[in-house]
Each structure stands twice: as structure tokens, then as C-alpha cells.
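Trainee: Next comes upload11.txt, compact mmCIF, C-alpha atoms and all ligand atoms:
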# COMPACT_ATOMS: atom_id res chain seq x y z
CA MET G 1 -124.65 -90.38 142.55
CA THR G 2 -123.78 -87.31 140.52
CA SER G 3 -120.57 -87.75 138.56
CA ILE G 4 -118.36 -85.72 136.28
CA GLY G 5 -115.59 -86.64 133.86
CA LEU G 6 -112.47 -84.72 132.91
CA PHE G 7 -109.92 -85.45 130.23
CA ASP G 8 -106.63 -84.08 129.00
CA SER G 9 -103.71 -85.34 126.92
CA GLY G 10 -101.96 -86.09 130.21
CA ILE G 11 -101.85 -84.84 133.77
CA GLY G 12 -102.24 -81.16 132.80
CA GLY G 13 -105.93 -81.30 133.63
CA PHE G 14 -104.95 -81.91 137.26
CA SER G 15 -104.74 -78.12 137.50
CA VAL G 16 -108.49 -78.05 136.78
CA LEU G 17 -109.24 -81.18 138.79
CA LYS G 18 -107.66 -79.62 141.87
CA GLU G 19 -110.26 -76.84 141.68
CA THR G 20 -113.29 -79.01 140.86
CA LEU G 21 -112.49 -81.34 143.76
CA LYS G 22 -112.56 -78.34 146.10
CA LEU G 23 -115.98 -77.19 144.93
CA LEU G 24 -117.68 -80.55 144.50
CA PRO G 25 -117.48 -82.64 147.67
CA GLY G 26 -119.57 -85.77 147.32
CA VAL G 27 -119.44 -85.75 143.50
CA LYS G 28 -117.82 -88.79 141.88
CA THR G 29 -115.02 -87.67 139.57
CA TYR G 30 -113.42 -89.60 136.70
CA TYR G 31 -110.22 -88.34 135.09
CA ILE G 32 -108.69 -89.66 131.87
CA SER G 33 -105.08 -88.90 130.98
CA ASP G 34 -104.67 -89.70 127.28
CA ASP G 35 -100.94 -90.26 127.69
CA ALA G 36 -100.87 -92.98 125.03
CA HIS G 37 -101.57 -90.21 122.51
CA ALA G 38 -99.82 -87.22 124.11
CA PRO G 39 -98.86 -84.54 123.51
CA TYR G 40 -101.81 -83.00 121.68
CA GLY G 41 -99.97 -79.75 121.01
CA ASP G 42 -98.17 -81.03 117.89
CA LYS G 43 -101.01 -83.18 116.50
CA SER G 44 -103.47 -82.41 113.71
CA GLU G 45 -106.95 -81.11 114.46
CA ASP G 46 -108.49 -84.34 113.11
CA TYR G 47 -106.40 -86.42 115.47
CA ILE G 48 -107.34 -84.37 118.53
CA LEU G 49 -111.01 -84.37 117.55
CA GLU G 50 -110.97 -88.14 117.21
CA ARG G 51 -109.28 -88.62 120.58
CA SER G 52 -111.73 -86.23 122.24
CA GLN G 53 -114.62 -88.24 120.82
CA VAL G 54 -113.16 -91.54 122.01
CA LEU G 55 -112.58 -90.23 125.55
CA THR G 56 -116.01 -88.61 125.71
CA LYS G 57 -117.62 -91.88 124.67
CA MET G 58 -115.71 -93.76 127.41
CA LEU G 59 -116.85 -91.31 130.07
CA LEU G 60 -120.45 -91.37 128.91
CA GLU G 61 -120.87 -95.07 128.14
CA GLU G 62 -118.67 -96.66 130.82
CA LYS G 63 -119.11 -94.14 133.61
CA LYS G 64 -122.42 -92.43 132.75
CA VAL G 65 -121.11 -89.03 133.84
CA ASP G 66 -123.50 -86.07 134.10
CA LEU G 67 -121.06 -83.45 132.78
CA ILE G 68 -117.70 -83.41 130.99
CA VAL G 69 -114.86 -80.98 131.55
CA VAL G 70 -112.53 -80.75 128.57
CA ALA G 71 -109.59 -80.01 130.86
CA CYS G 72 -107.31 -79.18 127.97
CA ASN G 73 -107.05 -75.90 126.09
CA THR G 74 -105.96 -77.66 122.91
CA ALA G 75 -108.92 -80.08 122.87
CA THR G 76 -111.29 -77.26 123.82
CA ALA G 77 -110.05 -75.16 120.90
CA VAL G 78 -110.32 -77.99 118.42
CA ALA G 79 -113.13 -80.29 119.59
CA ILE G 80 -115.61 -78.81 122.06
CA ALA G 81 -117.98 -77.36 119.44
CA GLU G 82 -118.28 -80.74 117.72
CA LEU G 83 -118.73 -82.61 121.04
CA ARG G 84 -121.59 -80.27 121.95
CA LYS G 85 -123.17 -80.96 118.57
CA VAL G 86 -122.91 -84.74 118.91
CA TYR G 87 -124.12 -84.81 122.56
CA PRO G 88 -126.55 -81.89 122.93
CA GLN G 89 -127.97 -83.33 126.17
CA ILE G 90 -124.57 -83.32 127.95
CA PRO G 91 -123.08 -80.13 129.39
CA PHE G 92 -119.44 -79.66 128.29
CA VAL G 93 -117.21 -77.15 130.05
CA GLY G 94 -113.99 -76.19 128.31
CA ILE G 95 -111.02 -74.04 129.19
CA GLU G 96 -109.59 -70.96 127.49
CA PRO G 97 -106.84 -68.55 128.47
CA TYR G 98 -108.16 -65.68 130.57
CA LEU G 99 -107.29 -62.92 128.07
CA ASN G 100 -109.92 -60.55 129.48
CA ILE G 101 -107.80 -59.92 132.52
CA GLN G 102 -105.41 -57.69 130.58
CA LYS G 103 -107.94 -54.86 130.27
CA ARG G 104 -108.80 -54.93 133.97
CA TYR G 105 -105.20 -55.09 135.14
CA HIS G 106 -103.99 -52.61 132.56
CA SER G 107 -106.42 -49.93 133.76
CA ASP G 108 -104.98 -50.35 137.28
CA ASP G 109 -101.42 -49.94 136.00
CA PRO G 110 -100.65 -49.23 132.31
CA HIS G 111 -97.04 -50.42 132.73
CA ARG G 112 -98.12 -54.02 133.07
CA ARG G 113 -97.09 -56.24 130.15
CA PHE G 114 -98.91 -59.45 129.25
CA VAL G 115 -98.04 -62.60 127.35
CA VAL G 116 -100.17 -65.68 126.72
CA LEU G 117 -98.60 -69.14 126.45
CA THR G 118 -100.37 -71.95 124.59
CA THR G 119 -99.45 -75.16 122.80
CA ALA G 120 -98.53 -74.79 119.13
CA ARG G 121 -101.86 -76.34 118.06
CA THR G 122 -103.99 -74.06 120.25
CA GLY G 123 -102.12 -71.05 118.86
CA LYS G 124 -102.93 -72.10 115.29
CA SER G 125 -106.60 -72.87 115.99
CA GLU G 126 -109.41 -70.70 114.65
CA LYS G 127 -111.04 -70.61 118.10
CA PHE G 128 -107.94 -69.13 119.72
CA LYS G 129 -107.34 -66.65 116.89
CA LYS G 130 -110.95 -65.43 117.12
CA LEU G 131 -110.79 -65.18 120.91
CA LYS G 132 -107.56 -63.20 120.73
CA GLU G 133 -108.94 -60.87 118.07
CA MET G 134 -112.12 -60.32 120.08
CA LEU G 135 -110.57 -59.78 123.51
CA ASP G 136 -107.30 -58.19 122.43
CA PRO G 137 -108.07 -56.25 119.22
CA ASP G 138 -105.18 -53.84 119.88
CA HIS G 139 -102.65 -56.67 120.22
CA LYS G 140 -101.55 -55.72 123.69
CA ILE G 141 -100.98 -59.34 124.64
CA ASP G 142 -98.00 -61.14 123.08
CA HIS G 143 -98.40 -64.81 122.23
CA TYR G 144 -95.99 -67.75 122.29
CA GLY G 145 -96.84 -71.26 121.06
CA MET G 146 -94.69 -73.55 123.20
CA GLU G 147 -93.43 -76.64 121.38
CA ARG G 148 -92.53 -78.98 124.25
CA LEU G 149 -93.34 -77.36 127.58
CA ALA G 150 -96.32 -79.65 128.30
CA THR G 151 -94.17 -82.73 127.61
CA LEU G 152 -91.45 -81.52 129.99
CA ILE G 153 -94.10 -80.99 132.70
CA GLU G 154 -95.49 -84.47 132.09
CA ASP G 155 -91.96 -85.81 132.50
CA ALA G 156 -91.53 -83.90 135.76
CA TYR G 157 -94.76 -85.40 137.13
CA TYR G 158 -93.81 -89.01 136.39
CA ASN G 159 -90.04 -88.84 137.02
CA GLY G 160 -89.73 -85.99 139.51
CA MET G 161 -88.61 -82.42 138.89
CA ASN G 162 -84.82 -82.70 138.65
CA GLN G 163 -82.20 -80.07 137.84
CA ASN G 164 -81.93 -81.18 134.23
CA LEU G 165 -85.69 -80.82 133.60
CA LYS G 166 -85.74 -77.48 135.38
CA GLU G 167 -82.99 -76.24 133.05
CA GLU G 168 -84.85 -77.54 129.98
CA ILE G 169 -88.01 -75.71 131.10
CA GLU G 170 -86.01 -72.52 131.68
CA LYS G 171 -84.48 -72.90 128.21
CA ASP G 172 -88.02 -72.89 126.74
CA LEU G 173 -88.92 -69.81 128.76
CA LEU G 174 -85.69 -67.96 127.96
CA PRO G 175 -87.07 -65.97 124.97
CA LEU G 176 -89.58 -64.36 127.34
CA LYS G 177 -87.03 -63.35 129.90
CA GLU G 178 -85.83 -60.03 128.53
CA LYS G 179 -89.29 -58.80 127.52
CA ASN G 180 -90.20 -57.34 130.91
CA TYR G 181 -93.52 -59.12 131.09
CA THR G 182 -95.38 -58.68 134.35
CA HIS G 183 -98.12 -61.26 133.75
CA VAL G 184 -98.18 -64.64 132.02
CA ILE G 185 -101.63 -65.88 131.00
CA LEU G 186 -101.56 -69.67 131.07
CA GLY G 187 -103.24 -71.16 127.98
CA CYS G 188 -102.46 -74.84 128.54
CA THR G 189 -103.63 -76.78 131.58
CA HIS G 190 -100.15 -78.23 132.14
CA TYR G 191 -98.60 -74.83 132.82
CA PRO G 192 -100.28 -73.99 136.17
CA LEU G 193 -98.58 -77.10 137.56
CA ILE G 194 -95.25 -75.21 137.32
CA SER G 195 -96.56 -71.70 137.91
CA SER G 196 -94.21 -71.13 140.86
CA LEU G 197 -91.23 -71.98 138.63
CA ILE G 198 -92.51 -69.65 135.86
CA GLU G 199 -93.14 -66.89 138.40
CA SER G 200 -89.73 -67.07 140.02
CA TYR G 201 -87.77 -67.50 136.76
CA LEU G 202 -89.52 -64.70 134.83
CA LYS G 203 -90.44 -62.52 137.84
CA VAL G 204 -94.08 -62.44 136.76
CA GLU G 205 -97.52 -63.28 138.06
CA CYS G 206 -99.29 -66.22 136.38
CA ILE G 207 -102.98 -66.11 135.49
CA ASN G 208 -104.72 -69.48 135.74
CA PRO G 209 -108.37 -69.78 134.62
CA ALA G 210 -108.96 -73.13 136.36
CA PRO G 211 -110.80 -71.73 139.46
CA TYR G 212 -113.35 -70.06 137.13
CA VAL G 213 -113.85 -73.30 135.21
CA ALA G 214 -114.58 -75.13 138.47
CA LEU G 215 -117.08 -72.45 139.47
CA ARG G 216 -118.84 -72.82 136.12
CA VAL G 217 -119.06 -76.60 136.65
CA GLN G 218 -120.50 -76.10 140.13
CA ASN G 219 -123.10 -73.62 138.83
CA LEU G 220 -124.20 -75.89 135.98
CA LEU G 221 -124.66 -78.83 138.35
CA LEU G 222 -126.61 -76.64 140.79
CA GLU G 223 -128.85 -75.30 138.02
CA ALA G 224 -129.50 -78.83 136.76
CA GLY G 225 -130.45 -79.93 140.29
CA LYS G 226 -127.61 -82.50 140.26
CA ILE G 227 -126.11 -81.09 143.45
CA HIS G 228 -127.64 -79.09 146.30
CA LEU G 229 -126.33 -76.58 148.80
CA PRO G 230 -124.83 -76.98 151.32
CA LEU G 231 -122.46 -79.38 149.60
CA VAL G 232 -121.38 -82.23 151.80
CA GLY G 233 -119.44 -85.44 151.27
CA LYS G 234 -115.99 -86.81 150.75
CA GLN G 235 -113.51 -84.49 149.10
CA GLY G 236 -110.31 -85.15 147.17
CA ASP G 237 -110.89 -88.66 145.82
CA PHE G 238 -111.20 -89.47 142.14
CA SER G 239 -110.84 -92.36 139.70
CA PHE G 240 -107.94 -92.10 137.26
CA LEU G 241 -107.29 -93.80 133.95
CA SER G 242 -104.11 -93.51 131.95
CA THR G 243 -104.70 -94.70 128.38
CA GLN G 244 -101.18 -96.16 128.44
CA GLU G 245 -102.02 -98.37 131.40
CA GLY G 246 -105.64 -98.98 130.45
CA SER G 247 -107.31 -99.60 133.82
CA TRP G 248 -109.04 -97.32 136.31
CA LYS G 249 -107.48 -96.78 139.74
CA GLU G 250 -108.53 -94.81 142.79
CA MET G 251 -106.45 -91.76 143.63
CA ASN G 252 -106.42 -88.87 146.06
CA GLU G 253 -105.53 -85.29 145.20
CA LYS G 254 -102.61 -85.43 147.67
CA GLU G 255 -100.89 -87.79 145.22
CA PHE G 256 -100.70 -85.38 142.36
CA SER G 257 -98.48 -82.48 143.23
CA LEU G 258 -95.32 -82.00 141.18
N1 LIG G 301 -102.81 -79.72 128.60
C1 LIG G 301 -103.15 -79.49 127.26
C2 LIG G 301 -103.65 -78.09 126.98
O1 LIG G 301 -104.23 -77.52 127.86
C3 LIG G 301 -102.42 -80.18 126.16
C4 LIG G 301 -100.94 -80.15 126.17
C5 LIG G 301 -100.38 -81.07 125.10
O2 LIG G 301 -100.68 -82.26 125.14
O3 LIG G 301 -99.67 -80.60 124.22
O4 LIG G 301 -103.48 -77.55 125.92
Using C-alpha cells, write down the structure from this file.
Mentor:
Amino acid sequence: MTSIGLFDSGIGGFSVLKETLKLLPGVKTYYISDDAHAPYGDKSEDYILERSQVLTKMLLEEKKVDLIVVACNTATAVAIAELRKVYPQIPFVGIEPYLNIQKRYHSDDPHRRFVVLTTARTGKSEKFKKLKEMLDPDHKIDHYGMERLATLIEDAYYNGMNQNLKEEIEKDLLPLKEKNYTHVILGCTHYPLISSLIESYLKVECINPAPYVALRVQNLLLEAGKIHLPLVGKQGDFSFLSTQEGSWKEMNEKEFSL
């Protein structure tokens, strides 16, 4: 049976998983939340690279997956090039903020104002800096490296979104409030999980690249002959491992909304 693996520092990659599950009925999916080592956003590049290698090895050796989705912007920025070098036979799909959208949307309406949110580590990475320079050479898109937003979202997933957490999240978003942004480009996979909160608090539209990532995964599997159209099979189930708990369990996508 064709199988894929996804990993993230925590449950942020669920925003990608939600999309891959939709497009890949009948494909066995394994998801690792590296919560024993989260967040990644304040860690060194060496640390994130090492964790990415450990998780990749688990997915390949224990689960023999056909493709790996690095469902984390931070790990993509820091580790995906090295993973592709070490495992040239395995397709890796990463995730990056959809900066390109600014040009398209701006030509429709020049009053639109864009900001991209990432973790601190992604913001400092060479990969992100190069991407920003290439796709936004005129610096039309502002950038904020968020120190603790992913951790607050993780907390909301495990303990429920309460008033206190909501206020903490709004406190983090406060510096963006008076800037009259119209669009927030989400550069961390945790952020789409609270996009409705971001949209209502900042009165913006959020841009989430996850549906495009899922499409890329589907295309690669089709090209490799690992799946065939029309796609049939069970949808929504996946195996989940939290590195804090240490054992795989079966889950359904209905269990993971915030
Ligand atoms: N969800 C991750 C990302 O896309 C990492 C967040 C974190 O652990 O800091 O960047």
C-alpha cells in the first residue's frame, strides 16, 4: 500500500495533513509530532537538522513511506536540502510561505498591504532570506518573526482555546493591528489552525499554502505510478506519533480541529 509520512515540531502540520487527506484517499498516512523537542522556532539550525534526520529515519525505516512531507516551514528552511542529499531516492515535499501571491493580488488592487509571519528561526534562515529577496525584491511584503505564536497554538490544541490563550495570541498580533494590512501570508504551519482568529482580529485575509503542497504531493505520487486515478479508498484516517508519548495511535481528521 502506498504510504506517506509527515512531520512537524507539533500539531502545526495538521494544516497540511488536512489537505493531503482530502487528495489522497486510500493512501496510508503517518504523522509525527516532535513535541518532545518543540518548538523549533527558537532552536539552532543544527538542532532542527538533527531532529529532521531522526524523524525522517523513523518514517523510512519503521514505516517504509514512499514520500515525506516536511510539514513545517522551519524544518523546510533549515533541513530539506540536506535530507534530499542524504536520501536522493525519496521525494521530499516542503512548505514555504506563498510570497508570490502579493504580485498577483497587488495588480488587482494596489492598495492591498501584505505581511508574512514566520517563526524566528525561519526568518533568520538563508533559504527564507533568499526566497524573500527573489520574490519580493522591492520589499513590498513586511515580515514578522513570531517568538511564541506556534507554542500558544500548540497549547490551544491540547488544552482547548480559552479566553486567556486568545488574549495571549492577540497580544502577539497587536503590533500588526495598526498597520492596515489586508493580507497575512502564513509562514508557519501552526498559523492556519487559527486563521479565523487572525482574520477577525486583524480584519485581513490569510494566505495558506497547504492546499498547493497537497496538490504537489498528489502529482508526485501520480507521476511515480504510486497512485492511480480515479482515487478511491478510505479518507481521513492516519497514524499519529507524539515523540513525548512514544507510541503510534490511530486517529481520524475529525479529532484534530482546534
Ligand atoms: N510549525 C512549524 C513551522 O511551520 C514550527 C513551529 C515551531 O515549532 O516553532 O515553522
Trainee: Counting all atoms listed in the file, what is within 12 Å of Leu220 (chain G), bar same-chain residues fewer than 3 positions away, as a PDB file with C-alpha atoms, in the coordinates of the input?
Mentor:
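File produced: result16.pdb:
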ATOM      1  CA  ILE G   4    -118.360 -85.720 136.280  1.00  0.00           C
ATOM      2  CA  LEU G  24    -117.680 -80.550 144.500  1.00  0.00           C
ATOM      3  CA  ASP G  66    -123.500 -86.070 134.100  1.00  0.00           C
ATOM      4  CA  LEU G  67    -121.060 -83.450 132.780  1.00  0.00           C
ATOM      5  CA  ILE G  68    -117.700 -83.410 130.990  1.00  0.00           C
ATOM      6  CA  VAL G  69    -114.860 -80.980 131.550  1.00  0.00           C
ATOM      7  CA  ILE G  90    -124.570 -83.320 127.950  1.00  0.00           C
ATOM      8  CA  PRO G  91    -123.080 -80.130 129.390  1.00  0.00           C
ATOM      9  CA  PHE G  92    -119.440 -79.660 128.290  1.00  0.00           C
ATOM     10  CA  VAL G  93    -117.210 -77.150 130.050  1.00  0.00           C
ATOM     11  CA  VAL G 213    -113.850 -73.300 135.210  1.00  0.00           C
ATOM     12  CA  ALA G 214    -114.580 -75.130 138.470  1.00  0.00           C
ATOM     13  CA  LEU G 215    -117.080 -72.450 139.470  1.00  0.00           C
ATOM     14  CA  ARG G 216    -118.840 -72.820 136.120  1.00  0.00           C
ATOM     15  CA  VAL G 217    -119.060 -76.600 136.650  1.00  0.00           C
ATOM     16  CA  GLU G 223    -128.850 -75.300 138.020  1.00  0.00           C
ATOM     17  CA  ALA G 224    -129.500 -78.830 136.760  1.00  0.00           C
ATOM     18  CA  GLY G 225    -130.450 -79.930 140.290  1.00  0.00           C
ATOM     19  CA  LYS G 226    -127.610 -82.500 140.260  1.00  0.00           C
ATOM     20  CA  ILE G 227    -126.110 -81.090 143.450  1.00  0.00           C
ATOM     21  CA  HIS G 228    -127.640 -79.090 146.300  1.00  0.00           C
TER      22      HIS G 228
END
Trainee: Could you tell me, counting only C-alpha atoms and all ligand atoms, which protein and nucleic acid residues lie no more than 6 Å from ligand LIG 301 (chain G), written as a list of chain:residue names?
Mentor: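 If we count only C-alpha atoms and all ligand atoms, the neighbours of ligand LIG 301 (chain G) turn out to be G:Asp8, G:Ser9, G:Gly12, G:Ala38, G:Pro39, G:Tyr40, G:Gly41, G:Cys72, G:Asn73, G:Thr74, G:Thr119, G:Ala150, G:Cys188, G:Thr189, G:His190.
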Trainee: Counting all atoms listed in the file, note down every residue that has an atom within 7 Å of the point (-107.2, -88.2, 140.3) (file coordinates), as JSON, numbers by chain.
Mentor: {"G": [31, 237, 238, 239, 240, 251, 252, 253]}
Trainee: Anything within 12 Å of (-90.4, -55.9, 132.3): list those residues as a list in words, counting only C-alpha atoms and sticking to the file's coordinates.
Mentor: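 The residues that fall inside the cut-off are His111, Arg112, Arg113, Phe114, Val115, Leu176, Lys177, Glu178, Lys179, Asn180, Tyr181, Thr182, His183, Val184, Leu202, Lys203, Val204 and Glu205 of chain G.
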Trainee: For CA of Ile32 (chain G) and CA of Leu49 (chain G), quote the distance in Å rounded to one decimal.
Mentor: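 That distance, rounded to one decimal, is 15.4 Å.
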Trainee: Using Å and a single decimal, report how far CA of Gly236 (chain G) sits from CA of Glu61 (chain G).
Mentor: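 Going from CA of Glu61 (chain G) over to CA of Gly236 (chain G), I get 23.9 Å.
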Trainee: Just give me the gap between CA of Asp108 (chain G) and CA of Leu173 (chain G) in Å, one decimal is fine.
Mentor: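 Those two atoms sit 26.6 Å apart.
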Trainee: From the list G:Glu170, G:Val232, G:Ser196, G:Ile141, which residue is nearest His106 (chain G) when using only C-alpha atoms?
Mentor: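 Ranking G:Glu170, G:Val232, G:Ser196, G:Ile141 by distance to His106 (chain G), first place goes to G:Ile141.
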Trainee: Which residues, written as a PDB file with C-alpha atoms, keeping the file's coordinate frame, have at least one atom at most 12 Å from Val116 (chain G), with only C-alpha atoms counted and residues fewer than 2 positions away on the same chain left out?
Mentor:
ATOM      1  CA  GLU G  96    -109.590 -70.960 127.490  1.00  0.00           C
ATOM      2  CA  PRO G  97    -106.840 -68.550 128.470  1.00  0.00           C
ATOM      3  CA  TYR G  98    -108.160 -65.680 130.570  1.00  0.00           C
ATOM      4  CA  LEU G  99    -107.290 -62.920 128.070  1.00  0.00           C
ATOM      5  CA  ASN G 100    -109.920 -60.550 129.480  1.00  0.00           C
ATOM      6  CA  ILE G 101    -107.800 -59.920 132.520  1.00  0.00           C
ATOM      7  CA  GLN G 102    -105.410 -57.690 130.580  1.00  0.00           C
ATOM      8  CA  ARG G 113     -97.090 -56.240 130.150  1.00  0.00           C
ATOM      9  CA  PHE G 114     -98.910 -59.450 129.250  1.00  0.00           C
ATOM     10  CA  THR G 118    -100.370 -71.950 124.590  1.00  0.00           C
ATOM     11  CA  THR G 119     -99.450 -75.160 122.800  1.00  0.00           C
ATOM     12  CA  ALA G 120     -98.530 -74.790 119.130  1.00  0.00           C
ATOM     13  CA  THR G 122    -103.990 -74.060 120.250  1.00  0.00           C
ATOM     14  CA  GLY G 123    -102.120 -71.050 118.860  1.00  0.00           C
ATOM     15  CA  PHE G 128    -107.940 -69.130 119.720  1.00  0.00           C
ATOM     16  CA  LYS G 132    -107.560 -63.200 120.730  1.00  0.00           C
ATOM     17  CA  ASP G 136    -107.300 -58.190 122.430  1.00  0.00           C
ATOM     18  CA  HIS G 139    -102.650 -56.670 120.220  1.00  0.00           C
ATOM     19  CA  LYS G 140    -101.550 -55.720 123.690  1.00  0.00           C
ATOM     20  CA  ILE G 141    -100.980 -59.340 124.640  1.00  0.00           C
ATOM     21  CA  ASP G 142     -98.000 -61.140 123.080  1.00  0.00           C
ATOM     22  CA  HIS G 143     -98.400 -64.810 122.230  1.00  0.00           C
ATOM     23  CA  TYR G 144     -95.990 -67.750 122.290  1.00  0.00           C
ATOM     24  CA  GLY G 145     -96.840 -71.260 121.060  1.00  0.00           C
ATOM     25  CA  MET G 146     -94.690 -73.550 123.200  1.00  0.00           C
ATOM     26  CA  LEU G 176     -89.580 -64.360 127.340  1.00  0.00           C
ATOM     27  CA  TYR G 181     -93.520 -59.120 131.090  1.00  0.00           C
ATOM     28  CA  THR G 182     -95.380 -58.680 134.350  1.00  0.00           C
ATOM     29  CA  HIS G 183     -98.120 -61.260 133.750  1.00  0.00           C
ATOM     30  CA  VAL G 184     -98.180 -64.640 132.020  1.00  0.00           C
ATOM     31  CA  ILE G 185    -101.630 -65.880 131.000  1.00  0.00           C
ATOM     32  CA  LEU G 186    -101.560 -69.670 131.070  1.00  0.00           C
ATOM     33  CA  GLY G 187    -103.240 -71.160 127.980  1.00  0.00           C
ATOM     34  CA  CYS G 188    -102.460 -74.840 128.540  1.00  0.00           C
ATOM     35  CA  TYR G 191     -98.600 -74.830 132.820  1.00  0.00           C
ATOM     36  CA  GLU G 205     -97.520 -63.280 138.060  1.00  0.00           C
ATOM     37  CA  CYS G 206     -99.290 -66.220 136.380  1.00  0.00           C
ATOM     38  CA  ILE G 207    -102.980 -66.110 135.490  1.00  0.00           C
ATOM     39  CA  ASN G 208    -104.720 -69.480 135.740  1.00  0.00           C
TER      40      ASN G 208
END
Trainee: Choose the residue, out of G:Val65, G:Ile95, G:Ile48, G:Leu149, that has the smallest atom-to-atom separation from Val78 (chain G); count only C-alpha atoms.
Mentor: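 For Val78 (chain G), the nearest of the candidates is G:Ile48.
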Trainee: Go through G:Asp155, G:Phe14, G:Gln218, G:Glu245 one by one, measure the shortest atom-to-atom distance of each to Val27 (chain G) using all atoms listed in the file, and give the residue with the smallest value.
Mentor: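 Of G:Asp155, G:Phe14, G:Gln218, G:Glu245, the one nearest Val27 (chain G) is G:Gln218, counting all atoms listed in the file.
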